[in-house]
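Q: So here's work-v3.txt (compact mmCIF, C-alpha atoms).
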# COMPACT_ATOMS: atom_id res chain seq x y z
CA MET A 1 -111.04 -7.32 128.09
CA GLY A 2 -109.48 -9.59 125.50
CA LEU A 3 -109.01 -13.33 125.93
CA THR A 4 -105.22 -12.98 125.98
CA SER A 5 -105.18 -9.83 128.12
CA ASN A 6 -103.20 -9.95 131.37
CA LYS A 7 -106.07 -8.03 133.00
CA THR A 8 -108.47 -10.85 132.13
CA LEU A 9 -106.16 -13.42 133.73
CA VAL A 10 -105.64 -11.29 136.84
CA VAL A 11 -109.40 -10.74 137.29
CA ALA A 12 -110.06 -14.48 136.89
CA VAL A 13 -107.39 -15.40 139.45
CA LEU A 14 -108.65 -12.78 141.94
CA PHE A 15 -112.21 -14.01 141.52
CA ALA A 16 -111.09 -17.60 142.17
CA VAL A 17 -109.19 -16.53 145.30
CA LEU A 18 -112.19 -14.57 146.61
CA LEU A 19 -114.48 -17.53 146.03
CA PHE A 20 -112.05 -19.82 147.89
CA VAL A 21 -111.86 -17.41 150.84
CA GLY A 22 -115.63 -17.00 150.76
CA THR A 23 -116.15 -20.75 150.79
CA VAL A 24 -113.91 -21.20 153.84
CA TRP A 25 -115.60 -18.29 155.62
CA LEU A 26 -119.19 -19.31 154.88
CA TRP A 27 -118.83 -23.08 155.24
CA PRO A 28 -119.68 -23.20 159.00
CA ARG A 29 -122.89 -21.27 158.31
CA LEU A 30 -123.85 -23.78 155.62
CA ALA A 31 -123.27 -26.86 157.79
CA ARG A 32 -126.97 -27.45 158.41
CA ARG A 33 -128.90 -30.32 156.84
CA ASN A 34 -131.58 -28.39 155.02
CA TRP A 35 -131.92 -27.87 151.29
CA ARG A 36 -130.79 -24.24 151.43
CA ALA A 37 -127.53 -25.11 153.21
CA VAL A 38 -126.86 -28.03 150.90
CA GLY A 39 -127.62 -25.87 147.86
CA GLY A 40 -125.29 -23.18 149.18
CA ARG A 41 -122.44 -25.65 149.66
CA VAL A 42 -122.94 -27.10 146.19
CA GLY A 43 -123.09 -23.62 144.65
CA LEU A 44 -119.92 -22.42 146.37
CA LEU A 45 -117.99 -25.55 145.42
CA PHE A 46 -119.17 -25.38 141.82
CA ALA A 47 -118.37 -21.66 141.50
CA THR A 48 -114.92 -22.11 143.05
CA GLN A 49 -114.06 -25.06 140.81
CA LEU A 50 -115.32 -23.20 137.75
CA ALA A 51 -113.25 -20.13 138.61
CA LEU A 52 -110.15 -22.28 139.08
CA PHE A 53 -110.79 -24.03 135.77
CA VAL A 54 -111.18 -20.70 133.95
CA SER A 55 -107.99 -19.34 135.53
CA VAL A 56 -105.95 -22.39 134.55
CA GLY A 57 -107.46 -22.31 131.05
CA LEU A 58 -106.62 -18.64 130.57
CA ALA A 59 -103.07 -19.19 131.82
CA ALA A 60 -102.60 -22.16 129.47
CA ASN A 61 -103.93 -20.13 126.56
CA GLN A 62 -101.51 -17.31 127.43
CA ALA A 63 -98.61 -19.77 127.45
CA PHE A 64 -99.45 -21.78 124.34
CA GLY A 65 -101.48 -19.38 122.18
CA PHE A 66 -104.37 -21.72 121.35
CA TYR A 67 -106.95 -18.96 120.79
CA ALA A 68 -106.48 -15.28 119.98
CA SER A 69 -109.88 -13.88 121.01
CA TRP A 70 -113.22 -14.74 122.56
CA ALA A 71 -114.68 -15.08 119.07
CA ASP A 72 -111.88 -17.45 118.14
CA LEU A 73 -112.50 -19.52 121.28
CA PHE A 74 -116.21 -19.92 120.53
CA GLY A 75 -115.74 -20.43 116.81
CA ARG A 76 -117.23 -17.07 115.90
CA GLU A 77 -114.32 -15.31 114.24
CA THR A 78 -115.48 -12.53 111.97
CA GLY A 79 -113.01 -9.65 111.78
CA GLN A 80 -109.99 -11.94 111.38
CA GLY A 81 -111.87 -14.74 109.72
CA VAL A 82 -111.58 -16.07 106.20
CA VAL A 83 -114.01 -15.64 103.36
CA VAL A 84 -114.00 -18.55 100.92
CA ASP A 85 -115.72 -18.14 97.54
CA HIS A 86 -117.71 -15.12 98.64
CA THR A 87 -115.78 -12.25 97.04
CA GLU A 88 -115.68 -11.51 93.33
CA GLY A 89 -112.69 -9.17 93.45
CA LEU A 90 -109.56 -8.75 95.50
CA GLY A 91 -110.01 -5.08 96.19
CA SER A 92 -107.85 -2.19 95.07
CA GLY A 93 -104.92 -3.09 97.30
CA GLY A 94 -103.90 -6.26 95.49
CA PRO A 95 -103.46 -9.77 96.88
CA LEU A 96 -101.42 -8.59 99.88
CA GLN A 97 -102.11 -5.50 101.95
CA VAL A 98 -100.11 -4.27 104.96
CA VAL A 99 -102.46 -3.28 107.78
CA ASP A 100 -99.97 -2.61 110.61
CA THR A 101 -96.24 -2.54 111.36
CA ARG A 102 -94.12 -2.94 114.49
CA ARG A 103 -90.52 -3.44 115.42
CA VAL A 104 -88.88 -6.69 116.48
CA TYR A 105 -88.63 -6.35 120.24
CA GLU A 106 -85.35 -6.90 122.09
CA THR A 107 -83.27 -6.52 118.94
CA GLY A 108 -81.50 -3.36 120.07
CA GLY A 109 -82.70 -1.16 117.24
CA LEU A 110 -85.76 1.04 116.81
CA ARG A 111 -85.17 1.67 113.11
CA PRO A 112 -86.00 -1.17 110.69
CA GLN A 113 -82.50 -0.82 109.20
CA ALA A 114 -81.15 -2.02 112.55
CA GLY A 115 -83.80 -4.28 114.00
CA GLY A 116 -85.98 -5.35 111.10
CA GLN A 117 -89.75 -5.01 111.02
CA ILE A 118 -92.86 -7.13 111.53
CA GLN A 119 -95.80 -6.33 109.27
CA LYS A 120 -99.32 -7.54 109.83
CA VAL A 121 -100.83 -8.26 106.43
CA ALA A 122 -104.05 -9.44 104.81
CA ILE A 123 -103.61 -11.94 102.00
CA ALA A 124 -106.25 -12.65 99.37
CA GLY A 125 -105.93 -15.63 97.04
CA PRO A 126 -107.27 -14.95 93.54
CA ALA A 127 -107.35 -18.62 92.55
CA THR A 128 -108.73 -20.12 95.76
CA ARG A 129 -110.74 -17.11 97.01
CA ILE A 130 -109.22 -17.66 100.43
CA HIS A 131 -108.48 -14.59 102.55
CA THR A 132 -106.31 -14.86 105.65
CA PRO A 133 -104.23 -12.66 107.98
CA ALA A 134 -100.50 -13.22 108.42
CA TYR A 135 -97.36 -11.65 109.86
CA VAL A 136 -94.30 -10.91 107.74
CA TYR A 137 -90.84 -10.44 109.25
CA LEU A 138 -88.46 -8.35 107.16
CA PRO A 139 -84.79 -8.52 108.23
CA PRO A 140 -82.76 -5.31 108.73
CA GLU A 141 -80.92 -5.88 105.46
CA TYR A 142 -84.20 -5.50 103.57
CA PHE A 143 -84.17 -1.78 104.49
CA GLN A 144 -80.46 -1.08 104.07
CA PRO A 145 -79.36 0.83 100.94
CA GLN A 146 -76.62 -1.61 99.99
CA TYR A 147 -79.23 -4.39 99.66
CA ARG A 148 -81.83 -2.40 97.73
CA THR A 149 -81.48 -4.54 94.59
CA ARG A 150 -81.17 -7.86 96.41
CA THR A 151 -83.94 -10.45 96.66
CA PHE A 152 -84.32 -12.49 99.83
CA PRO A 153 -85.18 -16.13 100.52
CA VAL A 154 -88.51 -16.83 102.20
CA ALA A 155 -89.58 -19.26 104.90
CA VAL A 156 -93.32 -19.76 105.36
CA VAL A 157 -93.94 -20.57 109.04
CA LEU A 158 -97.14 -22.36 110.12
CA THR A 159 -98.68 -22.83 113.56
CA GLY A 160 -100.41 -25.91 114.82
CA TYR A 161 -104.17 -26.24 115.24
CA PRO A 162 -105.92 -24.26 116.65
CA GLY A 163 -102.87 -22.01 117.20
CA THR A 164 -102.60 -18.34 116.37
CA ALA A 165 -100.18 -16.54 114.07
CA GLN A 166 -99.39 -14.17 116.95
CA ALA A 167 -97.92 -17.11 118.87
CA LEU A 168 -95.25 -17.52 116.21
CA VAL A 169 -94.13 -13.97 116.97
CA ASN A 170 -94.78 -13.64 120.71
CA LYS A 171 -94.37 -17.20 122.05
CA LEU A 172 -92.09 -19.06 119.64
CA HIS A 173 -90.04 -15.91 118.83
CA PHE A 174 -89.35 -16.68 115.17
CA PRO A 175 -88.49 -13.06 114.22
CA ARG A 176 -86.22 -12.54 117.22
CA THR A 177 -84.48 -15.87 116.58
CA ALA A 178 -83.98 -15.04 112.89
CA TRP A 179 -82.53 -11.64 113.78
CA ASN A 180 -80.10 -13.11 116.33
CA LEU A 181 -78.94 -15.95 114.08
CA ALA A 182 -78.34 -13.66 111.11
CA ARG A 183 -76.54 -11.11 113.26
CA ASN A 184 -74.18 -13.83 114.49
CA GLY A 185 -73.56 -15.15 110.98
CA ARG A 186 -75.31 -18.47 111.63
CA MET A 187 -77.96 -18.02 108.94
CA GLN A 188 -78.58 -15.72 106.00
CA PRO A 189 -81.11 -12.86 106.26
CA MET A 190 -84.54 -14.27 105.39
CA ILE A 191 -88.11 -13.10 105.12
CA LEU A 192 -90.59 -15.01 107.30
CA VAL A 193 -94.28 -15.29 106.39
CA MET A 194 -96.08 -16.48 109.53
CA LEU A 195 -99.70 -17.69 109.57
CA ARG A 196 -102.11 -20.41 110.57
CA PRO A 197 -102.56 -23.52 108.41
CA THR A 198 -106.24 -23.18 109.24
CA VAL A 199 -107.33 -20.86 106.43
CA ALA A 200 -111.06 -21.48 106.98
CA PRO A 201 -111.46 -21.21 110.77
CA PRO A 202 -112.74 -22.75 112.90
CA ARG A 203 -112.40 -25.73 110.55
CA ASP A 204 -109.12 -27.64 110.54
CA THR A 205 -108.48 -28.11 106.82
CA GLU A 206 -105.14 -29.97 107.25
CA CYS A 207 -103.85 -28.13 104.14
CA VAL A 208 -106.09 -30.29 101.94
CA ASP A 209 -107.89 -29.22 98.77
CA VAL A 210 -111.27 -30.27 100.11
CA PRO A 211 -113.57 -31.45 97.30
CA GLY A 212 -116.26 -28.79 97.03
CA GLY A 213 -114.67 -26.88 99.94
CA PRO A 214 -111.66 -24.73 100.86
CA GLN A 215 -108.69 -25.27 98.53
CA ALA A 216 -106.12 -24.97 101.31
CA GLU A 217 -103.24 -26.80 99.62
CA SER A 218 -103.59 -24.71 96.46
CA PHE A 219 -103.58 -21.55 98.55
CA PHE A 220 -100.19 -22.40 100.09
CA ALA A 221 -98.75 -23.76 96.84
CA ARG A 222 -99.90 -20.96 94.53
CA ASP A 223 -101.78 -17.98 95.96
CA LEU A 224 -99.53 -17.31 98.95
CA PRO A 225 -96.22 -17.36 97.02
CA ASP A 226 -97.74 -15.21 94.25
CA ALA A 227 -99.01 -12.64 96.74
CA VAL A 228 -95.66 -12.41 98.54
CA ARG A 229 -93.70 -12.16 95.29
CA ALA A 230 -95.95 -9.33 94.10
CA HIS A 231 -95.30 -7.26 97.23
CA TYR A 232 -91.76 -8.00 98.45
CA ARG A 233 -88.28 -8.43 96.99
CA VAL A 234 -88.15 -12.20 97.24
CA GLY A 235 -86.53 -14.92 95.18
CA GLU A 236 -88.40 -16.18 92.13
CA LYS A 237 -86.62 -19.52 91.91
CA PRO A 238 -87.94 -22.63 93.70
CA GLY A 239 -84.68 -22.78 95.63
CA SER A 240 -85.58 -19.50 97.35
CA TRP A 241 -88.56 -20.84 99.30
CA GLY A 242 -88.87 -23.11 102.32
CA ILE A 243 -91.61 -23.94 104.81
CA ILE A 244 -91.59 -24.70 108.55
CA GLY A 245 -94.41 -25.77 110.86
CA ASP A 246 -95.19 -27.33 114.22
CA SER A 247 -97.72 -30.10 114.88
CA THR A 248 -100.47 -29.64 112.25
CA GLY A 249 -98.27 -27.01 110.64
CA GLY A 250 -95.43 -29.53 110.63
CA TYR A 251 -97.55 -32.06 108.75
CA CYS A 252 -98.53 -29.32 106.29
CA ALA A 253 -94.92 -28.22 105.82
CA LEU A 254 -93.76 -31.73 104.94
CA LYS A 255 -96.72 -32.36 102.66
CA LEU A 256 -96.36 -29.07 100.78
CA ALA A 257 -92.62 -29.60 100.26
CA MET A 258 -93.27 -33.14 99.01
CA HIS A 259 -96.24 -32.29 96.80
CA HIS A 260 -94.77 -29.03 95.47
CA PRO A 261 -90.96 -29.22 95.28
CA GLU A 262 -91.19 -26.71 92.42
CA VAL A 263 -92.27 -24.18 95.08
CA TYR A 264 -90.63 -25.30 98.32
CA ALA A 265 -87.02 -26.46 98.22
CA ALA A 266 -87.15 -27.48 101.89
CA GLY A 267 -89.78 -28.37 104.47
CA ALA A 268 -89.33 -28.74 108.23
CA GLY A 269 -91.88 -30.42 110.48
CA LEU A 270 -91.55 -29.87 114.22
CA SER A 271 -93.40 -32.70 115.99
CA PRO A 272 -95.32 -33.54 112.81
CA TYR A 273 -97.68 -36.36 112.07
CA TYR A 274 -97.76 -38.03 108.69
CA ASP A 275 -101.41 -38.43 107.72
CA ALA A 276 -104.42 -36.12 107.92
CA PRO A 277 -106.76 -37.02 110.81
CA SER A 278 -110.51 -37.21 110.51
CA ASP A 279 -112.38 -35.82 113.50
CA PRO A 280 -115.02 -33.22 114.41
CA THR A 281 -112.56 -30.35 113.84
CA THR A 282 -111.76 -31.44 110.27
CA GLY A 283 -115.16 -32.60 109.09
CA ASP A 284 -115.18 -34.68 105.92
CA LEU A 285 -111.98 -33.65 104.15
CA PHE A 286 -112.12 -36.15 101.29
CA HIS A 287 -115.82 -36.72 100.44
CA GLY A 288 -115.11 -40.27 99.31
CA ASP A 289 -112.33 -39.25 96.91
CA LYS A 290 -109.71 -41.97 97.39
CA ALA A 291 -107.07 -40.09 95.39
CA VAL A 292 -107.31 -37.06 97.69
CA ARG A 293 -107.30 -39.37 100.73
CA ASP A 294 -104.19 -41.20 99.57
CA ARG A 295 -102.26 -38.00 98.72
CA ALA A 296 -102.80 -36.79 102.27
CA ASN A 297 -100.94 -39.83 103.64
CA LEU A 298 -97.22 -39.09 103.42
CA PHE A 299 -96.25 -42.75 103.76
CA TRP A 300 -98.50 -43.64 100.83
CA TYR A 301 -97.03 -40.76 98.84
CA LEU A 302 -93.46 -41.93 99.37
CA LYS A 303 -94.37 -45.44 98.26
CA HIS A 304 -96.50 -44.70 95.20
CA MET A 305 -95.40 -41.34 93.79
CA PRO A 306 -92.09 -40.22 92.24
CA ALA A 307 -89.64 -39.12 94.93
CA PRO A 308 -89.75 -35.32 95.18
CA ASP A 309 -86.54 -33.33 94.73
CA THR A 310 -86.73 -31.52 98.05
CA SER A 311 -85.12 -31.52 101.50
CA LEU A 312 -87.07 -32.50 104.62
CA LEU A 313 -86.42 -32.10 108.34
CA VAL A 314 -88.41 -33.88 111.04
CA THR A 315 -88.21 -33.59 114.82
CA SER A 316 -89.30 -35.74 117.73
CA SER A 317 -88.35 -36.81 121.26
CA LYS A 318 -87.55 -40.27 122.58
CA VAL A 319 -89.67 -39.51 125.64
CA GLY A 320 -92.71 -37.25 125.50
CA GLU A 321 -93.68 -37.28 121.82
CA ALA A 322 -96.29 -39.65 120.39
CA ASN A 323 -94.78 -39.44 116.89
CA TYR A 324 -91.37 -40.90 117.75
CA LYS A 325 -91.80 -44.35 116.14
CA ASP A 326 -93.58 -42.93 113.09
CA THR A 327 -90.79 -40.38 112.69
CA LEU A 328 -88.11 -43.07 112.64
CA LYS A 329 -90.20 -44.99 110.11
CA PHE A 330 -90.63 -41.87 107.97
CA ILE A 331 -86.88 -41.21 107.98
CA GLU A 332 -86.19 -44.73 106.70
CA ARG A 333 -88.87 -44.44 104.01
CA VAL A 334 -87.41 -41.16 102.75
CA LYS A 335 -83.88 -42.59 102.73
CA ASP A 336 -85.14 -45.47 100.58
CA THR A 337 -86.23 -43.05 97.84
CA GLY A 338 -82.61 -42.20 97.04
CA ARG A 339 -83.61 -38.71 95.91
CA THR A 340 -85.46 -36.87 98.64
CA ARG A 341 -83.10 -35.63 101.34
CA ILE A 342 -83.96 -36.11 105.02
CA SER A 343 -82.57 -34.68 108.27
CA SER A 344 -83.79 -34.94 111.83
CA ILE A 345 -83.64 -33.48 115.32
CA ILE A 346 -84.29 -36.14 117.98
CA LEU A 347 -84.35 -34.91 121.58
CA GLU A 348 -83.89 -37.21 124.55
CA SER A 349 -87.10 -35.86 126.06
CA GLY A 350 -89.61 -33.15 125.30
CA GLY A 351 -93.38 -32.87 125.06
CA HIS A 352 -95.67 -31.62 122.32
CA ASN A 353 -95.42 -27.98 123.39
CA PHE A 354 -93.87 -24.57 122.86
CA ASN A 355 -90.94 -25.23 125.18
CA THR A 356 -89.82 -28.19 123.06
CA TRP A 357 -90.24 -26.30 119.79
CA ARG A 358 -88.28 -23.31 121.10
CA ARG A 359 -85.37 -25.71 121.67
CA GLU A 360 -85.60 -26.92 118.06
CA ILE A 361 -86.27 -23.66 116.21
CA PRO A 362 -82.70 -22.21 116.10
CA ALA A 363 -81.24 -25.38 114.56
CA THR A 364 -84.23 -25.67 112.23
CA MET A 365 -83.79 -22.13 110.94
CA GLN A 366 -80.08 -22.68 110.38
CA TRP A 367 -80.90 -25.89 108.50
CA ILE A 368 -83.47 -24.29 106.21
CA SER A 369 -81.27 -21.25 105.61
CA GLY A 370 -78.51 -23.51 104.35
CA ARG A 371 -80.84 -25.06 101.78
CA LEU A 372 -82.21 -21.87 100.24
CA ASP A 373 -80.60 -19.64 97.63
CA ASP A 374 -80.07 -16.04 98.69
CA HIS A 375 -80.88 -14.54 95.29
Kindly present the structure from the file in structure tokens form.
A:
Amino acid sequence: MGLTSNKTLVVAVLFAVLLFVGTVWLWPRLARRNWRAVGGRVGLLFATQLALFVSVGLAANQAFGFYASWADLFGRETGQGVVVDHTEGLGSGGPLQVVDTRRVYETGGLRPQAGGQIQKVAIAGPATRIHTPAYVYLPPEYFQPQYRTRTFPVAVVLTGYPGTAQALVNKLHFPRTAWNLARNGRMQPMILVMLRPTVAPPRDTECVDVPGGPQAESFFARDLPDAVRAHYRVGEKPGSWGIIGDSTGGYCALKLAMHHPEVYAAGAGLSPYYDAPSDPTTGDLFHGDKAVRDRANLFWYLKHMPAPDTSLLVTSSKVGEANYKDTLKFIERVKDTGRTRISSIILESGGHNFNTWRREIPATMQWISGRLDDH
């Protein structure tokens, strides 16, 4: 049974309930003061607590999409992992290959011309040698005859760390939201490319070109757009591309839009932070290279580098988000540049979680749609 399977959660909950009932039933028999009785009590309590912990953990993972599989949980991804600098060629299928398709649920149409389509793809970067899975949402218009010569704007959508690309589809509902907004005339039809910012799992690369390591920033700035352009009818101009992310993905979205305005005309960070952390999940991202370290700090970048010609959106909450003060500071710093455009969504309250981001996503998608050219 898979980590995210409902059967796994049900079995874990049933096991916890049985252990609780068993503990209550057997406790009188284990009330003696000998080592066997004490050992039995300790064992039952430990097993019950462990079962409860596993049940809560599985439920939290179901709700927030932290890990996609057992291998992902234990840092042993293989089938959906990433190969960096191990493959000489890209294979016969090109830099992007479609491996599965499905419809957008709850859109009221089985045919892609009515409800759009979600494609699971494998992307291979020729420059960075990074391979990663992703999901691509194609709007209904992409399949309609009257739009057969039209190109579409693109929004790259990034998860947090250690989130899964599936969560963008199943938990944050980006495709469904895009379909509803476009149907109601609140945004233009757009292609969404949804993936993790972690292109070398289980390592958290923070979208940095790691010296001697994964070239994550170059992948998102060059390889990913090239692969999508080669496979889909998307805009070639910089004004056709935007990028959205939450948490780690939000930091990456802002950084990529700032560092590469020639690629991304707009970047939206939902609950972002503004500098790459250094911890056991990231390892040594900079290897003593001060220039790489400084570029990763968005405050430093605004102060020392030419103001990028791009549009940025940041979100936070007055109560519940740790980034609130930094977000206000970032807004003021961007306004001081006189060139980079800044917008914000500030909620009265909301934590660092999917529920908060679901409240911000519709407005964010409308915002980014209004800043991208449709052809």
Q: Write out as JSON, numbers by chain the residues lying within 7 Å of Gln97 (chain A), counting all atoms listed in the file and excluding same-chain residues fewer than 5 positions away.
A: {"A": [121, 122, 123]}
Q: Find the spatial neighbours of Arg196 (chain A), counting all atoms listed in the file, within a cut-off of 6 Å - ignore same-chain residues fewer than 3 positions away - and output them as a PDB file with C-alpha atoms, keeping the file's coordinate frame.
A:
ATOM      1  CA  LEU A 158     -97.140 -22.360 110.120  1.00  0.00           C
ATOM      2  CA  THR A 159     -98.680 -22.830 113.560  1.00  0.00           C
ATOM      3  CA  ALA A 165    -100.180 -16.540 114.070  1.00  0.00           C
TER       4      ALA A 165
END
Q: Here is a test: counting all atoms listed in the file, which residue of A:Val17, A:Val98, A:Leu30, A:Leu256 is nearest to Ala47 (chain A)?
A: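 Answer, going by the shortest atom-to-atom distance: A:Val17.
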Q: Counting all atoms listed in the file, what is within 9 Å of region 320-330 of chain A, bar same-chain residues fewer than 6 positions away, as a list in words?
A: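 Those residues are Ser271, Pro272, Tyr273, Tyr274, Leu298, Phe299, Val314, Ser344, Ile346, Glu348, Ser349, Gly350, Gly351 and His352 of chain A.
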Q: Tell me which protein, DNA and RNA residues are within 8 Å of Arg203 (chain A), counting only C-alpha atoms, leaving out same-chain ones fewer than 3 positions away, and put them as a compact mmCIF listing (two decimals) with C-alpha atoms, keeping the file's coordinate frame.
A:
# COMPACT_ATOMS: atom_id res chain seq x y z
CA THR A 198 -106.24 -23.18 109.24
CA ALA A 200 -111.06 -21.48 106.98
CA THR A 281 -112.56 -30.35 113.84
CA THR A 282 -111.76 -31.44 110.27
CA GLY A 283 -115.16 -32.60 109.09
Q: Which neighbours of Ala291 (chain A) fall inside 12 Å, counting all atoms listed in the file, when residues of the same chain fewer than 4 positions from it are skipped, and could you give them as a list of chain:residue names?
A: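 My reading of the contact set: A:Val208, A:Asp209, A:Val210, A:Pro211, A:Leu285, A:Phe286, A:His287, A:Arg295, A:Ala296, A:Asn297, A:Trp300, A:Tyr301, A:His304, A:Met305.
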Q: Using all atoms listed in the file - which residues lie no farther than 12 Å from the point (-105.2, -20.7, 95.6) in the file's frame? Write them as a ChimeraX atom specification.
A: /A:84-85,95,123-132,199,207-209,214-227
Q: Check which residues of region 92-152 of chain A sit at most 8 Å from region 166-181 of chain A using only C-alpha atoms, and return one row each with the closest pair of atoms and their distance in Å to one decimal, ordered by chain and rising number, as JSON lines.
A:
{"residue": "A:Val104", "atom": "CA", "partner": "A:Arg176", "partner_atom": "CA", "distance": 6.5}
{"residue": "A:Tyr105", "atom": "CA", "partner": "A:Arg176", "partner_atom": "CA", "distance": 7.3}
{"residue": "A:Glu106", "atom": "CA", "partner": "A:Arg176", "partner_atom": "CA", "distance": 7.5}
{"residue": "A:Thr107", "atom": "CA", "partner": "A:Arg176", "partner_atom": "CA", "distance": 6.9}
{"residue": "A:Gly115", "atom": "CA", "partner": "A:Trp179", "partner_atom": "CA", "distance": 7.5}
{"residue": "A:Gly116", "atom": "CA", "partner": "A:Trp179", "partner_atom": "CA", "distance": 7.7}
{"residue": "A:Ile118", "atom": "CA", "partner": "A:Pro175", "partner_atom": "CA", "distance": 7.8}
{"residue": "A:Tyr135", "atom": "CA", "partner": "A:Gln166", "partner_atom": "CA", "distance": 7.8}
{"residue": "A:Tyr137", "atom": "CA", "partner": "A:Pro175", "partner_atom": "CA", "distance": 6.1}
{"residue": "A:Pro139", "atom": "CA", "partner": "A:Trp179", "partner_atom": "CA", "distance": 6.8}
Q: Measure the distance from CA of Leu19 (chain A) to CA of Leu50 (chain A) in Å and round it to one decimal.
A: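 CA of Leu50 (chain A) lies 10.1 Å from CA of Leu19 (chain A).
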Q: Using all atoms listed in the file for the distances, tell me which of A:Arg333, A:Arg293, A:His260, A:Arg102 is nearest to Pro308 (chain A).
A: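 Smallest separation from Pro308 (chain A) among the options: A:His260.
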Q: Point out the residue among A:Ala51, A:Leu110, A:Val319, A:Val42 with the least atom-to-atom distance to Thr356 (chain A), counting only C-alpha atoms.
A: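 Of A:Ala51, A:Leu110, A:Val319, A:Val42, the one nearest Thr356 (chain A), counting only C-alpha atoms, is A:Val319.
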Q: For Ala363 (chain A), which of A:Leu45, A:Lys318, A:Arg186, A:Asp284 is the closest residue, counting all atoms listed in the file?
A: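 The closest residue to Ala363 (chain A) is A:Arg186.
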Q: Enter the distance from CA of Thr101 (chain A) to CA of Gln144 (chain A), in Å, rounded to one decimal.
A: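 Interatomic distance here is 17.4 Å.
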Q: May I have the protein, DNA and RNA residues with an atom at most 9 Å from (-90.0, -39.6, 100.9), counting all atoms listed in the file in the file's coordinates, returned as a PyMOL selection string?
A: chain A and resi 258+298-299+301-303+306-308+312+330-342
Q: Restricting the calculation to all atoms listed in the file: of A:Pro189, A:Pro277, A:Ala230, A:Arg183, which residue gets closest to Asp204 (chain A)?
A: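 That would be A:Pro277, the residue with the smallest distance to Asp204 (chain A).
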Q: Record the distance separating CA of Gly288 (chain A) and CA of Pro197 (chain A), expressed in Å with one decimal.
A: 22.8 Å
Q: So, counting only C-alpha atoms, which residue among A:Asp279, A:Asp246, A:Glu141, A:Glu206 is closest to Met194 (chain A)?
A: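 Distance minimum relative to Met194 (chain A) lands on A:Asp246.
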Q: Report the centre and edge lengths, in Å to one decimal, of an axis-aligned box enclosing every atom of region 154-161 of chain A listed in the file, padded by 4 Å on each side, as JSON.
A:
{"center_x": -96.3, "center_y": -21.5, "center_z": 108.7, "size_x": 23.7, "size_y": 17.4, "size_z": 21.0}
